[in-house]
file upload.txt (compact mmCIF, C-alpha atoms)
# COMPACT_ATOMS: atom_id res chain seq x y z
CA LEU F 1117 96.76 90.62 83.60
CA SER F 1118 94.25 88.22 85.07
CA ILE F 1119 90.59 89.12 85.29
CA ILE F 1120 88.73 87.24 87.98
CA THR F 1121 84.96 87.08 87.83
CA GLY F 1122 82.54 85.46 90.21
CA GLY F 1123 78.85 84.70 90.36
CA GLY F 1124 76.22 86.10 92.69
CA GLY F 1125 75.06 89.71 92.98
CA GLY F 1126 77.00 92.91 93.12
CA TYR F 1127 76.27 95.97 95.20
CA GLY F 1128 72.51 95.57 94.87
CA GLY F 1129 71.92 92.26 96.60
CA GLY F 1130 68.76 90.32 95.91
CA GLY F 1131 70.01 88.53 92.79
CA GLY F 1132 70.47 89.95 89.35
CA GLY F 1133 73.95 91.27 90.08
CA GLY F 1134 75.43 94.63 89.20
CA TYR F 1135 74.72 97.99 90.73
CA GLY F 1136 71.21 97.91 92.11
CA GLY F 1137 70.68 94.25 91.19
CA GLY F 1138 67.21 92.88 91.58
CA GLY F 1139 66.07 94.88 94.56
CA GLY F 1140 67.79 96.89 97.21
CA GLY F 1141 70.88 98.85 96.32
CA PHE F 1142 71.22 102.44 95.14
CA GLN F 1143 67.95 103.84 93.87
CA GLY F 1144 69.23 106.82 91.88
CA GLY F 1145 69.24 110.55 92.51
CA ASP F 1146 72.25 112.77 93.03
CA ARG F 1147 73.08 112.88 96.71
CA MET F 1148 75.95 115.28 95.93
CA GLY F 1149 73.59 118.05 94.83
CA GLY F 1150 74.66 118.11 91.17
CA MET F 1151 78.37 118.49 91.92
CA GLY F 1152 80.25 118.43 88.65
CA ALA F 1153 77.20 119.30 86.54
CA ASN F 1154 79.08 122.21 84.95
CA LEU F 1155 82.20 120.26 84.01
CA ARG F 1156 83.15 120.51 80.36
CA GLN F 1157 84.76 117.95 78.09
CA VAL F 1158 88.49 118.69 77.76
CA ASP F 1159 90.19 118.36 74.39
CA PHE F 1160 93.68 117.38 75.55
CA SER F 1161 95.09 117.78 72.03
CA ASN F 1162 94.77 121.55 72.57
CA GLU F 1163 96.12 121.58 76.13
CA LYS F 1164 99.74 122.03 77.22
CA LEU F 1165 100.31 119.57 80.03
CA PRO F 1166 103.37 119.93 82.23
CA ALA F 1167 105.97 117.19 81.93
CA PHE F 1168 106.33 114.96 84.94
CA GLU F 1169 108.87 112.33 85.84
CA LYS F 1170 107.70 108.73 86.28
CA ASN F 1171 110.97 106.79 86.31
CA PHE F 1172 112.76 106.89 89.66
CA TYR F 1173 114.29 103.44 89.57
CA ILE F 1174 118.04 103.12 89.66
CA GLU F 1175 119.01 99.49 89.30
CA HIS F 1176 121.44 98.53 92.05
CA PRO F 1177 124.70 96.91 90.80
CA ASP F 1178 123.83 93.66 92.62
CA VAL F 1179 120.51 93.49 90.75
CA THR F 1180 122.29 94.22 87.46
CA LYS F 1181 124.69 91.33 88.10
CA ARG F 1182 121.83 88.92 88.82
CA SER F 1183 121.03 86.81 85.77
CA GLU F 1184 117.52 86.73 84.32
CA GLU F 1185 117.49 82.98 85.00
CA GLU F 1186 118.29 83.57 88.69
CA ALA F 1187 115.54 86.20 88.89
CA GLN F 1188 113.03 83.84 87.27
CA LYS F 1189 114.03 81.01 89.63
CA TRP F 1190 113.44 83.33 92.60
CA ARG F 1191 110.05 84.41 91.20
CA THR F 1192 109.01 80.77 90.70
CA SER F 1193 110.08 79.85 94.25
CA HIS F 1194 107.86 82.64 95.60
CA GLY F 1195 104.88 81.91 93.32
CA ILE F 1196 105.27 85.14 91.35
CA VAL F 1197 103.80 85.06 87.86
CA ILE F 1198 104.74 87.86 85.48
CA ASN F 1199 102.88 88.91 82.34
CA GLY F 1200 104.18 91.67 80.12
CA ALA F 1201 107.43 92.95 78.68
CA GLY F 1202 110.22 95.00 80.21
CA VAL F 1203 109.73 93.61 83.71
CA PRO F 1204 112.68 94.48 85.95
CA LYS F 1205 114.46 91.92 88.08
CA PRO F 1206 113.40 91.82 91.74
CA CYS F 1207 115.42 93.49 94.49
CA MET F 1208 116.28 91.10 97.33
CA THR F 1209 117.25 93.70 99.97
CA PHE F 1210 116.10 97.17 100.93
CA VAL F 1211 119.42 98.59 99.75
CA GLU F 1212 118.92 96.98 96.32
CA ALA F 1213 115.53 98.74 96.06
CA SER F 1214 117.41 102.04 95.57
CA MET F 1215 114.98 103.96 97.76
CA PRO F 1216 116.01 107.46 98.82
CA GLU F 1217 117.75 107.61 102.20
CA TYR F 1218 114.78 109.33 103.88
CA VAL F 1219 112.58 106.33 102.95
CA LEU F 1220 115.17 103.62 103.57
CA SER F 1221 116.02 104.89 107.06
CA GLU F 1222 112.35 104.85 108.11
CA VAL F 1223 111.87 101.31 106.80
CA MET F 1224 115.00 100.12 108.63
CA LYS F 1225 113.79 101.75 111.89
CA GLN F 1226 110.73 99.48 111.75
CA GLY F 1227 112.97 96.41 112.07
CA PHE F 1228 112.19 94.73 108.76
CA ASP F 1229 115.09 92.55 107.57
CA LYS F 1230 114.20 92.28 103.87
CA PRO F 1231 111.37 93.10 101.49
CA THR F 1232 108.50 90.66 101.09
CA PRO F 1233 108.19 88.97 97.67
CA ILE F 1234 105.53 91.41 96.40
CA GLN F 1235 107.69 94.33 97.53
CA SER F 1236 110.82 92.82 95.93
CA GLN F 1237 109.11 92.61 92.54
CA GLY F 1238 106.65 95.48 92.94
CA TRP F 1239 109.02 98.28 93.95
CA PRO F 1240 111.13 98.20 90.77
CA MET F 1241 107.94 98.11 88.68
CA ALA F 1242 106.33 101.04 90.48
CA LEU F 1243 109.51 103.10 90.62
CA LEU F 1244 109.89 102.66 86.85
CA GLY F 1245 106.41 104.13 86.48
CA LYS F 1246 104.99 100.93 85.00
CA ASN F 1247 101.41 99.81 85.44
CA MET F 1248 101.07 96.79 87.68
CA VAL F 1249 98.40 94.59 89.19
CA GLY F 1250 99.70 92.78 92.26
CA ILE F 1251 97.65 90.02 93.83
CA SER F 1252 98.92 88.69 97.13
CA ALA F 1253 97.65 87.40 100.47
CA THR F 1254 96.60 89.61 103.36
CA GLY F 1255 99.63 90.63 105.41
CA SER F 1256 102.07 90.12 102.54
CA GLY F 1257 103.18 93.75 102.30
CA LYS F 1258 101.05 94.94 99.38
CA THR F 1259 100.32 98.31 100.98
CA LEU F 1260 104.00 99.27 101.27
CA SER F 1261 104.65 97.84 97.81
CA PHE F 1262 102.65 100.72 96.28
CA LEU F 1263 102.72 103.41 98.98
CA LEU F 1264 106.51 103.82 99.28
CA PRO F 1265 106.98 104.31 95.53
CA GLY F 1266 103.91 106.56 95.61
CA MET F 1267 105.55 108.79 98.22
CA ILE F 1268 108.69 109.00 96.10
CA HIS F 1269 106.61 110.01 93.07
CA ILE F 1270 104.77 112.66 95.13
CA ASN F 1271 107.96 114.19 96.52
CA ALA F 1272 109.54 114.43 93.06
CA GLN F 1273 106.73 116.40 91.40
CA PRO F 1274 106.43 120.19 91.35
CA TYR F 1275 104.12 121.79 93.89
CA LEU F 1276 100.46 121.75 92.89
CA SER F 1277 98.71 124.88 91.73
CA PRO F 1278 95.05 125.65 92.40
CA GLY F 1279 92.90 123.39 90.25
CA ASP F 1280 95.56 120.71 89.81
CA GLY F 1281 94.44 117.14 90.31
CA PRO F 1282 95.97 114.43 92.47
CA ILE F 1283 99.51 113.16 91.93
CA VAL F 1284 98.74 109.73 93.39
CA LEU F 1285 95.35 108.08 93.60
CA VAL F 1286 94.87 105.12 95.93
CA LEU F 1287 91.69 103.07 95.68
CA ALA F 1288 90.81 100.69 98.49
CA PRO F 1289 88.02 98.10 98.47
CA THR F 1290 86.95 98.54 102.10
CA ARG F 1291 86.63 101.27 104.70
CA GLU F 1292 88.91 99.35 107.04
CA LEU F 1293 91.71 99.24 104.50
CA SER F 1294 91.18 102.93 103.67
CA VAL F 1295 91.69 103.80 107.32
CA GLN F 1296 94.83 101.63 107.46
CA ILE F 1297 96.31 103.29 104.36
call {"tool": "encode", "arguments": {"input": "upload.txt", "output": "structure tokens"}}
result
Amino acid sequence: LSIITGGGGGYGGGGGGGYGGGGGGFQGGDRMGGMGANLRQVDFSNEKLPAFEKNFYIEHPDVTKRSEEEAQKWRTSHGIVINGAGVPKPCMTFVEASMPEYVLSEVMKQGFDKPTPIQSQGWPMALLGKNMVGISATGSGKTLSFLLPGMIHINAQPYLSPGDGPIVLVLAPTRELSVQI
């Protein structure tokens, strides 16, 4: 995991950095009218949480046959740097990604010939239910690298009951990207 920090303010503008900085920025107050004021601390050691499946990855036989050295050579040629243990080998084709047919057919209809590098490495990670930080250029396919596995995770979970939280949470840094997603 790489943590990138930069200088200059935050949301507040006017120097000083951080939320509110040295002038400008959010000035306090609860614009949501106290929403959540009555929430209580939950002691999860006393709660019975339903089991949920996180691992939906089925390694394709062609991926299994691929040596770790070949996978690492491919990663290096595409500028992919991996940190961590238990990282699966990348899938080089959509068929190797072992997506369900309803997902694969929609991807193929769009005319894509093969996954982008971040998709090739990201899909196995996400389908295994592993945490991942993927950093890649604009237009490289990052959105589909997390949304397609997210849809698979959503479809595999039991229906939500009143009061249940989200199954998938997507955070986006800009309004424009939120609209795109």
call {"tool": "atom_distance", "arguments": {"input": "upload.txt", "atom1": "atom CA of Leu1244 of chain F", "atom2": "atom CA of Ser1161 of chain F"}}
result
25.8 Å
call {"tool": "closest_residue", "arguments": {"input": "upload.txt", "among": "F:Glu1169, F:Asp1229, F:Asp1178, F:Glu1186", "to": "Ser1214 of chain F", "atoms": "only C-alpha atoms"}}
result
F:Asp1178
call {"tool": "atom_distance", "arguments": {"input": "upload.txt", "atom1": "atom CA of Ile1198 of chain F", "atom2": "atom CA of Gly1238 of chain F"}}
result
10.8 Å
call {"tool": "closest_residue", "arguments": {"input": "upload.txt", "among": "F:Trp1239, F:Thr1232, F:Met1215, F:Gly1255", "to": "Leu1293 of chain F", "atoms": "only C-alpha atoms"}}
result
F:Gly1255
call {"tool": "closest_residue", "arguments": {"input": "upload.txt", "among": "F:Gly1202, F:Pro1177, F:Pro1233, F:Gly1195", "to": "Ser1261 of chain F", "atoms": "all atoms listed in the file"}}
result
F:Pro1233
call {"tool": "atom_distance", "arguments": {"input": "upload.txt", "atom1": "atom CA of Leu1276 of chain F", "atom2": "atom CA of Ala1167 of chain F"}}
result
13.1 Å
call {"tool": "closest_residue", "arguments": {"input": "upload.txt", "among": "F:Thr1209, F:Ser1277, F:Gln1296, F:Thr1290", "to": "Gln1237 of chain F", "atoms": "all atoms listed in the file"}}
result
F:Thr1209
call {"tool": "residues_around", "arguments": {"input": "upload.txt", "residues": "Phe1262 of chain F", "least_positions_apart": "4", "cutoff": "9 Å", "atoms": "all atoms listed in the file", "output": "ChimeraX atom specification"}}
result
/F:1235,1238-1239,1242,1258,1266-1267,1286
call {"tool": "residues_around", "arguments": {"input": "upload.txt", "residues": "Val1197 of chain F", "least_positions_apart": "2", "cutoff": "10 Å", "atoms": "all atoms listed in the file", "output": "list in words"}}
result
Leu1117, Gln1188, Arg1191, Thr1192, His1194, Gly1195, Asn1199, Gly1250 and Ile1251 of chain F
call {"tool": "closest_residue", "arguments": {"input": "upload.txt", "among": "F:Gly1245, F:Pro1204, F:Gly1257, F:Pro1274", "to": "Lys1230 of chain F", "atoms": "all atoms listed in the file"}}
result
F:Gly1257
call {"tool": "decode", "arguments": {"input": "upload.txt", "residues": "segment 1210-1274 of chain F", "atoms": "C-alpha atoms", "output": "PDB file, in the first residue's frame"}}
result
ATOM      1  CA  PHE F1210     -12.539 -12.234 -20.257  1.00  0.00           C
ATOM      2  CA  VAL F1211     -13.132 -15.984 -20.243  1.00  0.00           C
ATOM      3  CA  GLU F1212     -10.203 -16.462 -17.829  1.00  0.00           C
ATOM      4  CA  ALA F1213     -11.833 -13.944 -15.453  1.00  0.00           C
ATOM      5  CA  SER F1214     -14.488 -16.587 -14.656  1.00  0.00           C
ATOM      6  CA  MET F1215     -17.293 -14.029 -14.640  1.00  0.00           C
ATOM      7  CA  PRO F1216     -20.847 -15.365 -14.653  1.00  0.00           C
ATOM      8  CA  GLU F1217     -22.381 -15.671 -18.118  1.00  0.00           C
ATOM      9  CA  TYR F1218     -24.802 -12.774 -17.531  1.00  0.00           C
ATOM     10  CA  VAL F1219     -21.812 -10.464 -16.909  1.00  0.00           C
ATOM     11  CA  LEU F1220     -19.525 -11.911 -19.581  1.00  0.00           C
ATOM     12  CA  SER F1221     -22.153 -11.642 -22.329  1.00  0.00           C
ATOM     13  CA  GLU F1222     -22.758  -7.949 -21.573  1.00  0.00           C
ATOM     14  CA  VAL F1223     -19.031  -7.190 -21.611  1.00  0.00           C
ATOM     15  CA  MET F1224     -18.607  -9.006 -24.934  1.00  0.00           C
ATOM     16  CA  LYS F1225     -21.557  -7.071 -26.441  1.00  0.00           C
ATOM     17  CA  GLN F1226     -19.610  -3.857 -25.817  1.00  0.00           C
ATOM     18  CA  GLY F1227     -16.884  -5.017 -28.222  1.00  0.00           C
ATOM     19  CA  PHE F1228     -13.963  -5.187 -25.811  1.00  0.00           C
ATOM     20  CA  ASP F1229     -11.344  -7.720 -26.943  1.00  0.00           C
ATOM     21  CA  LYS F1230      -9.530  -8.274 -23.635  1.00  0.00           C
ATOM     22  CA  PRO F1231      -9.349  -6.837 -20.130  1.00  0.00           C
ATOM     23  CA  THR F1232      -7.127  -3.847 -19.443  1.00  0.00           C
ATOM     24  CA  PRO F1233      -4.131  -4.483 -17.150  1.00  0.00           C
ATOM     25  CA  ILE F1234      -5.888  -3.154 -14.024  1.00  0.00           C
ATOM     26  CA  GLN F1235      -8.896  -5.341 -14.813  1.00  0.00           C
ATOM     27  CA  SER F1236      -6.696  -8.395 -15.462  1.00  0.00           C
ATOM     28  CA  GLN F1237      -5.106  -8.109 -12.024  1.00  0.00           C
ATOM     29  CA  GLY F1238      -7.976  -6.428 -10.182  1.00  0.00           C
ATOM     30  CA  TRP F1239     -10.816  -8.822 -11.010  1.00  0.00           C
ATOM     31  CA  PRO F1240      -9.246 -11.894  -9.389  1.00  0.00           C
ATOM     32  CA  MET F1241      -8.401  -9.819  -6.308  1.00  0.00           C
ATOM     33  CA  ALA F1242     -11.898  -8.377  -5.966  1.00  0.00           C
ATOM     34  CA  LEU F1243     -13.651 -11.656  -6.720  1.00  0.00           C
ATOM     35  CA  LEU F1244     -11.588 -13.321  -3.985  1.00  0.00           C
ATOM     36  CA  GLY F1245     -12.916 -10.698  -1.581  1.00  0.00           C
ATOM     37  CA  LYS F1246      -9.469  -9.244  -0.945  1.00  0.00           C
ATOM     38  CA  ASN F1247      -8.822  -5.613  -0.134  1.00  0.00           C
ATOM     39  CA  MET F1248      -7.115  -3.741  -2.931  1.00  0.00           C
ATOM     40  CA  VAL F1249      -5.925  -0.265  -3.797  1.00  0.00           C
ATOM     41  CA  GLY F1250      -5.589   0.160  -7.549  1.00  0.00           C
ATOM     42  CA  ILE F1251      -3.896   3.244  -8.950  1.00  0.00           C
ATOM     43  CA  SER F1252      -4.089   3.676 -12.701  1.00  0.00           C
ATOM     44  CA  ALA F1253      -4.456   6.387 -15.335  1.00  0.00           C
ATOM     45  CA  THR F1254      -7.758   7.903 -16.400  1.00  0.00           C
ATOM     46  CA  GLY F1255      -9.430   5.733 -19.033  1.00  0.00           C
ATOM     47  CA  SER F1256      -7.590   2.574 -17.966  1.00  0.00           C
ATOM     48  CA  GLY F1257     -10.696   0.642 -16.913  1.00  0.00           C
ATOM     49  CA  LYS F1258     -10.584   1.159 -13.136  1.00  0.00           C
ATOM     50  CA  THR F1259     -14.340   1.628 -12.860  1.00  0.00           C
ATOM     51  CA  LEU F1260     -15.151  -1.770 -14.374  1.00  0.00           C
ATOM     52  CA  SER F1261     -12.327  -3.335 -12.379  1.00  0.00           C
ATOM     53  CA  PHE F1262     -14.334  -2.805  -9.173  1.00  0.00           C
ATOM     54  CA  LEU F1263     -17.930  -2.470 -10.386  1.00  0.00           C
ATOM     55  CA  LEU F1264     -18.243  -5.836 -12.170  1.00  0.00           C
ATOM     56  CA  PRO F1265     -17.013  -7.807  -9.137  1.00  0.00           C
ATOM     57  CA  GLY F1266     -19.222  -5.555  -7.000  1.00  0.00           C
ATOM     58  CA  MET F1267     -22.282  -6.553  -9.021  1.00  0.00           C
ATOM     59  CA  ILE F1268     -21.394 -10.214  -8.613  1.00  0.00           C
ATOM     60  CA  HIS F1269     -21.075  -9.751  -4.843  1.00  0.00           C
ATOM     61  CA  ILE F1270     -24.444  -7.937  -4.716  1.00  0.00           C
ATOM     62  CA  ASN F1271     -26.268 -10.621  -6.687  1.00  0.00           C
ATOM     63  CA  ALA F1272     -24.897 -13.407  -4.486  1.00  0.00           C
ATOM     64  CA  GLN F1273     -26.069 -11.987  -1.152  1.00  0.00           C
ATOM     65  CA  PRO F1274     -29.462 -12.622   0.444  1.00  0.00           C
TER      66      PRO F1274
END
